[in-house]
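Text of input_27.cif, listed as mmCIF, C-alpha atoms:
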data_start
loop_
_atom_site.label_atom_id
_atom_site.label_comp_id
_atom_site.auth_asym_id
_atom_site.auth_seq_id
_atom_site.Cartn_x
_atom_site.Cartn_y
_atom_site.Cartn_z
CA MET A 1 99.78 52.31 63.05
CA ALA A 2 101.20 50.69 59.94
CA GLU A 3 104.90 50.08 59.88
CA PRO A 4 106.90 52.91 58.29
CA ARG A 5 107.80 52.40 54.66
CA ILE A 6 110.90 54.58 54.79
CA ASN A 7 114.30 54.16 56.41
CA LYS A 8 114.57 57.28 58.53
CA ALA A 9 118.20 56.72 59.49
CA ALA A 10 119.25 56.49 55.84
CA LEU A 11 117.08 59.48 54.90
CA PHE A 12 118.49 61.64 57.69
CA ALA A 13 122.02 60.72 56.65
CA ASP A 14 121.23 61.83 53.09
CA LEU A 15 119.79 65.07 54.45
CA ARG A 16 122.92 65.57 56.59
CA TYR A 17 120.91 65.55 59.78
CA ALA A 18 122.48 63.83 62.77
CA PRO A 19 119.83 63.72 65.53
CA HIS A 20 121.07 63.75 69.10
CA PRO A 21 119.86 60.95 71.43
CA GLY A 22 116.73 62.81 72.56
CA GLN A 23 115.69 63.52 68.98
CA ARG A 24 116.35 59.91 67.98
CA ALA A 25 113.86 58.74 70.60
CA VAL A 26 111.14 60.91 69.06
CA HIS A 27 111.94 59.67 65.54
CA ALA A 28 111.82 56.05 66.69
CA SER A 29 108.31 56.37 68.15
CA ARG A 30 105.32 54.90 66.35
CA ALA A 31 102.73 56.28 68.77
CA PRO A 32 99.78 57.99 67.03
CA ARG A 33 100.09 60.90 69.50
CA ARG A 34 103.57 62.10 70.46
CA VAL A 35 104.17 64.88 72.97
CA LEU A 36 107.55 66.60 73.32
CA ALA A 37 107.92 69.01 76.24
CA CYS A 38 111.42 70.43 76.21
CA GLY A 39 113.46 73.48 77.12
CA VAL A 40 114.48 76.26 74.76
CA ARG A 41 117.20 75.50 72.20
CA TRP A 42 116.78 71.76 72.68
CA GLY A 43 116.22 71.21 68.95
CA LYS A 44 112.48 70.58 68.83
CA THR A 45 111.95 72.66 65.67
CA ARG A 46 114.52 70.72 63.67
CA CYS A 47 113.29 67.41 65.09
CA ALA A 48 109.71 68.20 64.06
CA ALA A 49 110.75 69.40 60.59
CA MET A 50 112.69 66.21 59.89
CA GLU A 51 109.83 64.04 61.13
CA ALA A 52 107.53 65.91 58.73
CA LEU A 53 109.90 65.40 55.80
CA ALA A 54 110.14 61.68 56.50
CA ALA A 55 106.34 61.44 56.51
CA THR A 56 106.09 63.50 53.33
CA LEU A 57 108.41 61.14 51.43
CA GLU A 58 106.66 57.91 52.50
CA PRO A 59 105.23 56.08 49.46
CA ARG A 60 101.51 56.77 48.99
CA ASP A 61 99.21 58.05 46.26
CA ARG A 62 98.55 61.32 48.03
CA GLY A 63 99.45 62.76 51.41
CA VAL A 64 98.54 65.86 53.40
CA GLY A 65 100.21 67.24 56.50
CA TRP A 66 99.87 70.46 58.48
CA VAL A 67 102.16 72.51 60.67
CA VAL A 68 99.97 74.44 63.12
CA ALA A 69 100.92 77.07 65.71
CA PRO A 70 99.08 79.80 67.63
CA THR A 71 100.08 82.41 64.99
CA TYR A 72 101.41 82.42 61.43
CA ASP A 73 104.78 83.71 62.62
CA LEU A 74 105.16 80.74 64.96
CA ALA A 75 103.93 78.27 62.34
CA ASP A 76 106.62 79.61 60.03
CA LYS A 77 109.41 78.34 62.30
CA VAL A 78 108.87 74.65 61.57
CA PHE A 79 107.55 75.20 58.05
CA ARG A 80 110.58 77.33 57.12
CA GLU A 81 112.93 74.59 58.39
CA ILE A 82 111.07 72.06 56.22
CA ALA A 83 111.24 74.36 53.20
CA ILE A 84 114.96 75.07 53.64
CA VAL A 85 115.92 71.40 53.82
CA ALA A 86 113.62 70.53 50.90
CA GLY A 87 115.11 73.34 48.81
CA GLU A 88 118.68 72.36 49.61
CA ARG A 89 118.54 68.54 49.66
CA LEU A 90 115.34 67.52 47.88
CA ARG A 91 115.10 70.06 45.11
CA HIS A 92 114.50 67.33 42.51
CA ARG A 93 111.34 66.33 44.41
CA VAL A 94 109.89 69.82 44.95
CA VAL A 95 106.79 70.34 42.80
CA THR A 96 105.53 73.53 44.47
CA LEU A 97 107.05 75.78 47.10
CA ARG A 98 105.27 78.99 48.02
CA GLU A 99 106.77 80.19 51.28
CA HIS A 100 104.44 83.20 51.47
CA ASP A 101 101.42 80.86 51.38
CA LYS A 102 103.23 78.25 53.52
CA LEU A 103 102.65 75.53 50.94
CA LEU A 104 105.11 72.81 49.94
CA VAL A 105 104.29 69.95 47.56
CA LEU A 106 106.83 67.13 47.21
CA ARG A 107 106.88 64.03 45.01
CA ASN A 108 107.30 61.10 47.38
CA LEU A 109 109.31 57.88 46.90
CA SER A 110 106.51 56.17 44.95
CA GLY A 111 105.86 59.15 42.69
CA GLY A 112 102.75 60.35 44.55
CA LEU A 113 102.29 63.88 45.78
CA CYS A 114 102.31 65.02 49.39
CA GLU A 115 101.63 68.57 50.52
CA VAL A 116 102.62 70.33 53.72
CA ARG A 117 100.80 73.48 54.77
CA GLY A 118 101.51 75.97 57.54
CA LYS A 119 98.40 76.96 59.46
CA SER A 120 97.55 79.46 62.20
CA ALA A 121 95.28 78.56 65.11
CA ASP A 122 94.12 82.17 65.45
CA ASN A 123 91.81 81.50 62.50
CA PRO A 124 90.03 78.24 63.45
CA VAL A 125 87.85 78.34 60.33
CA SER A 126 90.95 77.61 58.23
CA LEU A 127 91.43 74.38 60.21
CA LEU A 128 88.19 72.82 59.04
CA GLY A 129 87.79 70.38 56.17
CA GLU A 130 90.23 67.81 54.87
CA GLY A 131 91.61 64.70 56.51
CA LEU A 132 95.31 64.63 57.42
CA ASP A 133 98.08 62.07 57.41
CA PHE A 134 99.96 64.03 60.06
CA VAL A 135 99.90 67.26 62.01
CA ILE A 136 102.70 68.99 63.88
CA VAL A 137 101.58 71.45 66.54
CA ASP A 138 104.26 73.95 67.58
CA GLU A 139 104.05 75.93 70.83
CA ALA A 140 101.16 73.66 71.73
CA ALA A 141 101.04 74.88 75.34
CA ARG A 142 100.10 78.36 74.09
CA MET A 143 97.17 77.07 72.09
CA LYS A 144 93.56 76.94 73.23
CA PRO A 145 92.40 73.42 74.12
CA SER A 146 89.49 73.72 71.70
CA ILE A 147 91.87 73.95 68.73
CA TRP A 148 93.23 70.47 69.37
CA GLN A 149 89.99 68.95 70.58
CA SER A 150 87.58 70.40 68.02
CA HIS A 151 89.69 71.23 64.97
CA LEU A 152 92.85 69.11 64.74
CA SER A 153 92.44 65.69 66.34
CA GLN A 154 89.35 65.02 64.22
CA ARG A 155 91.27 65.71 60.99
CA LEU A 156 93.41 62.62 61.73
CA LEU A 157 90.65 60.03 62.10
CA ASP A 158 89.71 59.02 58.56
CA ARG A 159 93.33 58.74 57.35
CA LYS A 160 94.61 57.27 60.64
CA GLY A 161 97.08 60.09 60.90
CA TRP A 162 99.58 60.90 63.65
CA ALA A 163 100.31 64.05 65.63
CA LEU A 164 103.48 65.50 67.13
CA LEU A 165 102.82 68.15 69.78
CA ILE A 166 105.92 70.19 70.68
CA SER A 167 106.28 73.02 73.17
CA THR A 168 108.08 74.51 76.10
CA PRO A 169 105.76 73.94 79.10
CA ARG A 170 103.34 76.70 80.10
CA GLY A 171 101.63 75.79 83.37
CA LYS A 172 99.39 72.74 83.61
CA GLY A 173 96.83 73.12 80.87
CA TRP A 174 95.76 70.79 78.08
CA PHE A 175 99.34 70.26 76.85
CA HIS A 176 100.30 69.00 80.30
CA GLU A 177 97.35 66.60 80.22
CA ALA A 178 98.48 65.31 76.83
CA PHE A 179 101.99 64.86 78.22
CA ARG A 180 100.65 62.90 81.19
CA LYS A 181 98.78 60.55 78.86
CA GLY A 182 102.10 59.70 77.25
CA GLN A 183 103.55 58.65 80.59
CA GLY A 184 101.71 55.34 80.56
CA LEU A 185 98.13 56.57 80.96
CA ASP A 186 97.08 56.10 77.32
CA ALA A 187 98.56 53.55 74.90
CA ALA A 188 98.00 55.90 71.96
CA TYR A 189 100.34 58.51 73.49
CA GLU A 190 104.09 58.66 74.07
CA SER A 191 105.75 61.68 75.65
CA TRP A 192 109.17 63.01 76.54
CA ASN A 193 110.30 65.71 78.96
CA ARG A 194 113.73 67.07 78.04
CA PRO A 195 115.57 70.02 79.68
CA SER A 196 117.67 72.26 77.44
CA TRP A 197 120.93 70.86 78.80
CA THR A 198 120.16 67.39 77.40
CA ASN A 199 121.01 68.84 73.98
CA PRO A 200 124.71 67.93 73.75
CA HIS A 201 125.35 70.78 71.34
CA LEU A 202 124.49 73.50 73.87
CA ASP A 203 127.12 75.21 76.01
CA ALA A 204 126.48 74.24 79.64
CA ALA A 205 128.27 77.36 80.91
CA ALA A 206 125.94 79.60 78.89
CA ILE A 207 122.91 77.87 80.39
CA ASP A 208 124.33 78.40 83.89
CA GLN A 209 124.64 82.13 83.12
CA GLU A 210 120.96 82.22 82.20
CA ARG A 211 120.15 80.55 85.51
CA GLY A 212 121.58 83.61 87.27
CA ARG A 213 119.66 86.08 85.09
CA LEU A 214 116.17 84.60 85.30
CA PRO A 215 113.73 84.17 88.17
CA GLU A 216 114.13 80.59 89.42
CA ALA A 217 110.65 79.47 88.38
CA VAL A 218 111.07 80.94 84.89
CA PHE A 219 114.43 79.19 84.44
CA ARG A 220 112.94 75.89 85.57
CA GLN A 221 110.15 76.28 83.03
CA GLU A 222 112.06 77.67 80.05
CA TYR A 223 115.28 75.68 80.39
CA GLY A 224 114.32 72.88 82.78
CA ALA A 225 111.10 72.12 80.87
CA GLU A 226 109.16 71.80 84.13
CA PHE A 227 105.39 72.17 84.26
CA ILE A 228 105.05 74.95 86.87
CA GLU A 229 101.76 76.76 87.31
CA GLY A 230 102.22 80.50 86.76
CA ALA A 231 106.00 80.30 86.32
CA GLY A 232 106.09 82.51 83.25
CA SER A 233 103.64 85.10 84.54
CA VAL A 234 105.03 88.59 85.08
CA PHE A 235 102.17 89.90 87.24
CA ARG A 236 100.86 88.28 90.40
CA ASN A 237 97.73 89.11 92.43
CA VAL A 238 95.92 90.50 89.39
CA ARG A 239 92.55 89.05 90.37
CA GLU A 240 93.10 89.96 94.01
CA CYS A 241 93.62 93.59 93.00
CA ALA A 242 90.63 93.59 90.63
CA THR A 243 88.04 94.67 93.20
CA GLY A 244 87.28 98.20 92.00
CA THR A 245 84.64 99.86 89.87
CA TRP A 246 84.42 102.80 87.48
CA LYS A 247 84.22 106.16 89.23
CA GLU A 248 82.87 109.52 88.20
CA PRO A 249 85.29 112.50 88.28
CA GLU A 250 85.90 114.16 91.65
CA GLU A 251 87.75 117.29 92.73
CA VAL A 252 91.09 115.45 92.91
CA PRO A 253 94.07 115.25 90.56
CA TYR A 254 94.27 112.41 88.03
CA VAL A 255 96.98 110.87 85.91
CA ALA A 256 96.64 108.74 82.79
CA GLY A 257 98.63 106.36 80.63
CA LEU A 258 98.14 106.28 76.88
CA ASP A 259 99.14 103.50 74.49
CA LEU A 260 98.57 104.42 70.87
CA ALA A 261 97.41 101.88 68.31
CA ARG A 262 99.79 100.30 65.89
CA VAL A 263 98.55 98.15 63.02
CA GLY A 264 95.93 95.74 64.35
CA ASP A 265 96.22 97.07 67.93
CA TYR A 266 94.07 99.27 70.15
CA THR A 267 94.52 102.76 71.51
CA VAL A 268 93.98 102.60 75.27
CA LEU A 269 93.66 105.44 77.80
CA VAL A 270 93.81 104.44 81.48
CA VAL A 271 92.97 107.07 84.12
CA MET A 272 94.03 106.65 87.74
CA ASN A 273 93.59 108.71 90.92
CA LYS A 274 96.16 109.35 93.62
CA GLN A 275 94.93 106.34 95.62
CA ARG A 276 96.14 104.24 92.67
CA GLU A 277 92.61 103.27 91.68
CA VAL A 278 91.84 102.83 87.99
CA VAL A 279 88.69 104.91 87.54
CA PHE A 280 88.26 105.08 83.76
CA VAL A 281 89.44 103.23 80.64
CA ASP A 282 88.78 104.01 77.00
CA ARG A 283 89.79 101.40 74.41
CA PHE A 284 89.18 101.74 70.68
CA SER A 285 90.65 100.92 67.27
CA ARG A 286 90.39 101.71 63.58
CA LEU A 287 89.87 105.44 64.03
CA ASP A 288 91.66 108.19 62.14
CA TRP A 289 94.33 109.95 64.18
CA SER A 290 92.30 113.15 64.25
CA LEU A 291 89.33 111.32 65.77
CA GLN A 292 91.63 109.57 68.24
CA VAL A 293 93.07 112.90 69.39
CA GLY A 294 89.57 114.25 70.01
CA ARG A 295 88.53 111.16 71.96
CA ILE A 296 91.69 111.21 74.10
CA LEU A 297 91.19 114.90 74.85
CA ALA A 298 87.60 114.28 75.90
CA GLY A 299 88.61 111.52 78.30
CA ALA A 300 91.45 113.54 79.83
CA ASP A 301 89.38 116.71 80.17
CA ARG A 302 86.58 114.80 81.87
CA TYR A 303 89.01 113.81 84.61
CA ARG A 304 90.23 117.30 85.47
CA HIS A 305 92.68 117.70 82.64
CA ALA A 306 94.48 114.49 83.64
CA GLU A 307 98.23 114.43 83.18
CA ILE A 308 99.00 111.86 80.46
CA LEU A 309 102.16 109.86 79.93
CA VAL A 310 102.44 108.43 76.40
CA ASP A 311 104.87 106.35 74.43
CA SER A 312 106.16 108.94 71.97
CA THR A 313 108.37 106.51 70.05
CA GLY A 314 107.92 106.02 66.30
CA ALA A 315 104.30 106.32 65.15
CA GLY A 316 103.36 107.86 68.49
CA GLU A 317 105.42 111.01 67.98
CA PRO A 318 103.06 112.90 65.59
CA VAL A 319 100.05 112.01 67.77
CA PHE A 320 101.91 113.24 70.84
CA GLU A 321 102.61 116.53 69.07
CA SER A 322 98.97 116.83 68.00
CA LEU A 323 97.79 116.27 71.57
CA ARG A 324 100.21 118.85 72.91
CA GLU A 325 99.16 121.42 70.28
CA ALA A 326 95.54 120.78 71.24
CA GLY A 327 96.32 121.78 74.82
CA CYS A 328 96.44 118.30 76.31
CA ASN A 329 98.51 117.92 79.49
CA VAL A 330 100.68 115.24 77.89
CA HIS A 331 104.30 114.17 78.46
CA PRO A 332 106.51 111.81 76.43
CA TYR A 333 107.90 108.51 77.63
CA PRO A 334 110.22 107.22 74.88
CA PHE A 335 110.30 103.43 74.84
CA THR A 336 113.62 101.60 75.00
CA VAL A 337 114.35 98.11 76.30
CA LYS A 338 115.45 99.66 79.61
CA SER A 339 112.63 102.18 79.99
CA LYS A 340 109.92 99.63 79.15
CA ALA A 341 111.42 97.17 81.64
CA ALA A 342 111.22 99.88 84.31
CA LEU A 343 107.51 100.37 83.59
CA VAL A 344 106.78 96.65 83.79
CA ASN A 345 108.82 96.20 86.98
CA ASN A 346 107.03 99.09 88.69
CA LEU A 347 103.58 97.75 87.81
CA SER A 348 104.62 94.26 88.89
CA LEU A 349 105.76 95.62 92.26
CA LEU A 350 102.50 97.51 92.83
CA LEU A 351 100.48 94.36 92.07
CA GLU A 352 102.77 92.20 94.20
CA LYS A 353 102.20 94.53 97.18
CA ARG A 354 98.52 94.96 96.28
CA GLU A 355 98.99 98.72 96.23
CA ILE A 356 96.85 99.24 93.14
CA VAL A 357 93.11 98.78 92.59
CA LEU A 358 91.90 97.50 89.23
CA PRO A 359 88.31 97.35 87.98
CA ARG A 360 86.58 94.01 88.48
CA ALA A 361 87.12 91.42 85.77
CA ASP A 362 83.49 91.69 84.63
CA LEU A 363 83.97 95.44 84.09
CA TRP A 364 87.39 95.32 82.41
CA PRO A 365 87.79 91.80 80.96
CA GLU A 366 90.31 92.85 78.29
CA GLY A 367 92.64 94.45 80.82
CA ILE A 368 92.51 91.62 83.36
CA GLU A 369 93.05 88.99 80.66
CA GLU A 370 96.05 90.90 79.27
CA LEU A 371 97.60 91.20 82.73
CA ASP A 372 97.06 87.51 83.42
CA ALA A 373 98.61 86.50 80.10
CA PHE A 374 101.61 88.88 80.12
CA GLU A 375 104.64 86.64 80.44
CA TYR A 376 108.37 86.12 80.60
CA SER A 377 109.71 84.36 77.54
CA VAL A 378 113.07 83.38 76.15
CA THR A 379 113.73 84.13 72.48
CA ASP A 380 115.52 81.80 70.09
CA ASN A 381 118.78 83.68 70.67
CA GLY A 382 118.45 83.29 74.44
CA SER A 383 117.28 86.82 75.27
CA VAL A 384 114.72 87.27 78.03
CA ARG A 385 111.76 89.53 77.39
CA THR A 386 108.37 90.36 78.83
CA SER A 387 105.47 90.55 76.42
CA ALA A 388 102.00 89.40 75.57
CA PRO A 389 101.83 85.87 74.18
CA SER A 390 101.89 85.68 70.40
CA GLY A 391 98.53 86.58 68.96
CA MET A 392 97.43 88.60 72.01
CA HIS A 393 97.47 92.31 72.82
CA ASP A 394 99.30 94.24 75.52
CA ASP A 395 97.77 97.70 74.95
CA CYS A 396 95.92 97.73 78.27
CA VAL A 397 99.04 96.59 80.12
CA VAL A 398 101.17 99.35 78.61
CA ALA A 399 98.61 102.09 79.26
CA LEU A 400 98.14 100.91 82.85
CA ALA A 401 101.90 100.77 83.39
CA LEU A 402 102.29 104.34 82.08
CA ALA A 403 99.59 105.57 84.46
CA ALA A 404 101.07 103.65 87.38
CA TRP A 405 104.52 105.08 86.65
CA GLN A 406 103.23 108.49 87.75
CA VAL A 407 102.07 107.23 91.14
CA ARG A 408 104.91 104.88 91.97
CA PRO A 409 105.97 104.84 95.62
CA THR A 410 109.66 105.60 94.97
CA PRO A 411 110.28 107.89 91.98
CA TRP A 412 113.37 107.05 89.95
CA LEU A 413 115.71 109.65 88.49
CA SER A 414 115.49 110.11 84.73
CA THR A 415 119.15 109.26 84.30
CA GLU A 416 118.42 105.69 85.43
CA ILE A 417 116.16 104.92 82.48
CA GLY A 418 116.79 107.69 79.97
CA VAL A 419 113.41 109.45 80.06
CA PRO A 420 112.63 113.05 81.01
CA ILE A 421 111.43 114.08 84.46
CA ILE A 422 108.03 115.73 84.74
CA VAL A 423 108.50 118.55 87.26
CA ARG A 424 105.58 119.63 89.42
CA SER A 425 105.49 122.89 91.27
CA ASP A 426 104.62 121.13 94.55
CA GLU A 427 107.53 118.70 94.20
CA PRO A 428 110.45 120.51 92.51
CA GLY A 429 113.00 118.36 90.75
CA ARG A 430 111.14 115.09 91.26
CA SER A 431 109.56 112.78 88.75
CA PRO A 432 105.76 112.43 88.69
CA GLY A 433 104.09 110.91 91.71
CA TRP A 434 102.33 111.77 94.91
#
Please lay out the structure from this file as structure tokens.
Amino acid sequence: MAEPRINKAALFADLRYAPHPGQRAVHASRAPRRVLACGVRWGKTRCAAMEALAATLEPRDRGVGWVVAPTYDLADKVFREIAIVAGERLRHRVVTLREHDKLLVLRNLSGGLCEVRGKSADNPVSLLGEGLDFVIVDEAARMKPSIWQSHLSQRLLDRKGWALLISTPRGKGWFHEAFRKGQGLDAAYESWNRPSWTNPHLDAAAIDQERGRLPEAVFRQEYGAEFIEGAGSVFRNVRECATGTWKEPEEVPYVAGLDLARVGDYTVLVVMNKQREVVFVDRFSRLDWSLQVGRILAGADRYRHAEILVDSTGAGEPVFESLREAGCNVHPYPFTVKSKAALVNNLSLLLEKREIVLPRADLWPEGIEELDAFEYSVTDNGSVRTSAPSGMHDDCVVALALAAWQVRPTPWLSTEIGVPIIVRSDEPGRSPGW
């Protein structure tokens, strides 16, 4: 690469950015491909944003750079940091700033124009076309390998551009391979592996508290920045439990879990028998509520008026009432942080003990993929949550968890999670379950 035509140290001082030692190492690199695998709260977003601003201000006639992430929300993290600093410290150089469109155009040190755009990898078509001077890929470990291989790396060739790939590790996929190249395997790559506690601005005592709250493997991944296969996965033995098939109704009782569609999501009905076998799934979207109610009723009635547990929170409440008025054997399960955690923990335990039978992956690919992808993650404020990765769905997981809640081995009292007990005549005073 050509030598930089800008004094980064002087620029960062003007921007009132004092990089810590780990960030300084990244800024000093001239490798065409740079890979930063670090723990949460290490400062990778700010590091990437400042590297982008330095590149944007380099003297040239015209420059183009992208910030790419698996979703627009994730792409906004680095782009927003760039926009904030530009608006506060470089206002005299801002030609265009449209945060909604994730577009920033700056006048560089030679008077030329350089634009920075935020892009989402969930729409690969938008990644085709122009050559780039630089690209920053955030949450790279969450991105499909094809995005880097077929859509991004090629954009850098004609302008001899550079890339900075930043992420918390997620197993040993393509991001891990890129990291390994930077450990002396490829002269074009340089890589760094930095745990959260190497950020001198973080409170070591607070990190130690998180160590006690998280599963060891998750802590090692999220804070220790270790590449551990399956560390962030909530559910184990998914494929081992996926040995079943669809079954026609029999003269036995059935239960069901129902997750109702929000915007862009799916409504999913999962029916299970008392042997904890998933026998039927209906998944659909973009239907009027009235049509959804009819379809749910049909599925439940087919399986002997199956007893349905449904998230009745928010948008689900009117649908729940409609189902009840239509004679459906439906019960509410209001979602809170605590009650949803109880659902996930119960399903995780059943899968861990292999006490549940799922349809084969070829029969229920959406459900198996959602279960495989469902993960522990640590938010920017340090909170731990379980959820689908950004850009993916969890409708099948939620519906399955609601069904499995009714056949859990050890029923919990409602006071423990704040949801009502469903009382059966054959089991007075107990929550649902056989």
What residues come out when you apply the PyMOL selection byres ((chain A and resi 94-102) around 12) to this file, written as an mmCIF file with C-alpha atoms, in the frame of the given file?
data_model
loop_
_atom_site.group_PDB
_atom_site.id
_atom_site.type_symbol
_atom_site.label_atom_id
_atom_site.label_comp_id
_atom_site.auth_asym_id
_atom_site.auth_seq_id
_atom_site.Cartn_x
_atom_site.Cartn_y
_atom_site.Cartn_z
ATOM 1 C CA LEU A 53 109.900 65.400 55.800
ATOM 2 C CA THR A 56 106.090 63.500 53.330
ATOM 3 C CA LEU A 57 108.410 61.140 51.430
ATOM 4 C CA GLY A 65 100.210 67.240 56.500
ATOM 5 C CA TRP A 66 99.870 70.460 58.480
ATOM 6 C CA VAL A 67 102.160 72.510 60.670
ATOM 7 C CA VAL A 68 99.970 74.440 63.120
ATOM 8 C CA TYR A 72 101.410 82.420 61.430
ATOM 9 C CA ASP A 73 104.780 83.710 62.620
ATOM 10 C CA LEU A 74 105.160 80.740 64.960
ATOM 11 C CA ALA A 75 103.930 78.270 62.340
ATOM 12 C CA ASP A 76 106.620 79.610 60.030
ATOM 13 C CA LYS A 77 109.410 78.340 62.300
ATOM 14 C CA VAL A 78 108.870 74.650 61.570
ATOM 15 C CA PHE A 79 107.550 75.200 58.050
ATOM 16 C CA ARG A 80 110.580 77.330 57.120
ATOM 17 C CA GLU A 81 112.930 74.590 58.390
ATOM 18 C CA ILE A 82 111.070 72.060 56.220
ATOM 19 C CA ALA A 83 111.240 74.360 53.200
ATOM 20 C CA ILE A 84 114.960 75.070 53.640
ATOM 21 C CA VAL A 85 115.920 71.400 53.820
ATOM 22 C CA ALA A 86 113.620 70.530 50.900
ATOM 23 C CA GLY A 87 115.110 73.340 48.810
ATOM 24 C CA GLU A 88 118.680 72.360 49.610
ATOM 25 C CA ARG A 89 118.540 68.540 49.660
ATOM 26 C CA LEU A 90 115.340 67.520 47.880
ATOM 27 C CA ARG A 91 115.100 70.060 45.110
ATOM 28 C CA HIS A 92 114.500 67.330 42.510
ATOM 29 C CA ARG A 93 111.340 66.330 44.410
ATOM 30 C CA LEU A 103 102.650 75.530 50.940
ATOM 31 C CA LEU A 104 105.110 72.810 49.940
ATOM 32 C CA VAL A 105 104.290 69.950 47.560
ATOM 33 C CA LEU A 106 106.830 67.130 47.210
ATOM 34 C CA ARG A 107 106.880 64.030 45.010
ATOM 35 C CA ASN A 108 107.300 61.100 47.380
ATOM 36 C CA GLY A 111 105.860 59.150 42.690
ATOM 37 C CA GLY A 112 102.750 60.350 44.550
ATOM 38 C CA LEU A 113 102.290 63.880 45.780
ATOM 39 C CA CYS A 114 102.310 65.020 49.390
ATOM 40 C CA GLU A 115 101.630 68.570 50.520
ATOM 41 C CA VAL A 116 102.620 70.330 53.720
ATOM 42 C CA ARG A 117 100.800 73.480 54.770
ATOM 43 C CA GLY A 118 101.510 75.970 57.540
ATOM 44 C CA LYS A 119 98.400 76.960 59.460
ATOM 45 C CA SER A 120 97.550 79.460 62.200
#
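The space between CA of Glu370 (chain A) and CA of Glu277 (chain A) spans 17.9 Å.
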With region 20-35 of chain A as the partner and 12 Å as the cut-off, tabulate the residues of region 87-144 of chain A that qualify, each row holding the nearest pair of atoms and their distance in Å to one decimal, using all atoms listed in the file, sorted by chain and rising number, as a tab-separated table.
residue	atom	partner	partner_atom	distance
A:Asp133	CA	A:Pro32	CA	10.6
A:Phe134	CA	A:Pro32	CA	9.2
A:Val135	CA	A:Arg33	CA	9.8
A:Ile136	CA	A:Arg34	CA	9.6
A:Val137	CA	A:Val35	CA	9.6
A:Asp138	CA	A:Val35	CA	10.6
A:Glu139	CA	A:Val35	CA	11.3
A:Ala140	CA	A:Val35	CA	9.4
A:Ala141	CA	A:Val35	CA	10.7
(request) Rank nothing, just name the residue among A:Lys172, A:Trp289, A:Asn345, A:Arg354 nearest to Pro318 (chain A), using all atoms listed in the file. (result) A:Trp289
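Residues of protein, DNA and RNA with at least one atom no farther than 9 Å from (95.9, 106.3, 76.2) are, using only C-alpha atoms, Ala256, Gly257, Leu258, Asp259, Leu260, Thr267, Val268, Leu269, Val270, Val271, Val281, Asp282, Arg283, Ile296, Ile308, Leu309, Val310, Asp395, Cys396, Ala399, Leu400 and Leu402 of chain A.
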(request) Record the distance separating CA of Asn7 (chain A) and CA of Trp162 (chain A), expressed in Å with one decimal. (result) 17.7 Å
(request) To verify the selection step, state as a count of residues only which residues the PyMOL selection byres ((chain A and resi 238) around 8) yields on this input. (result) 11
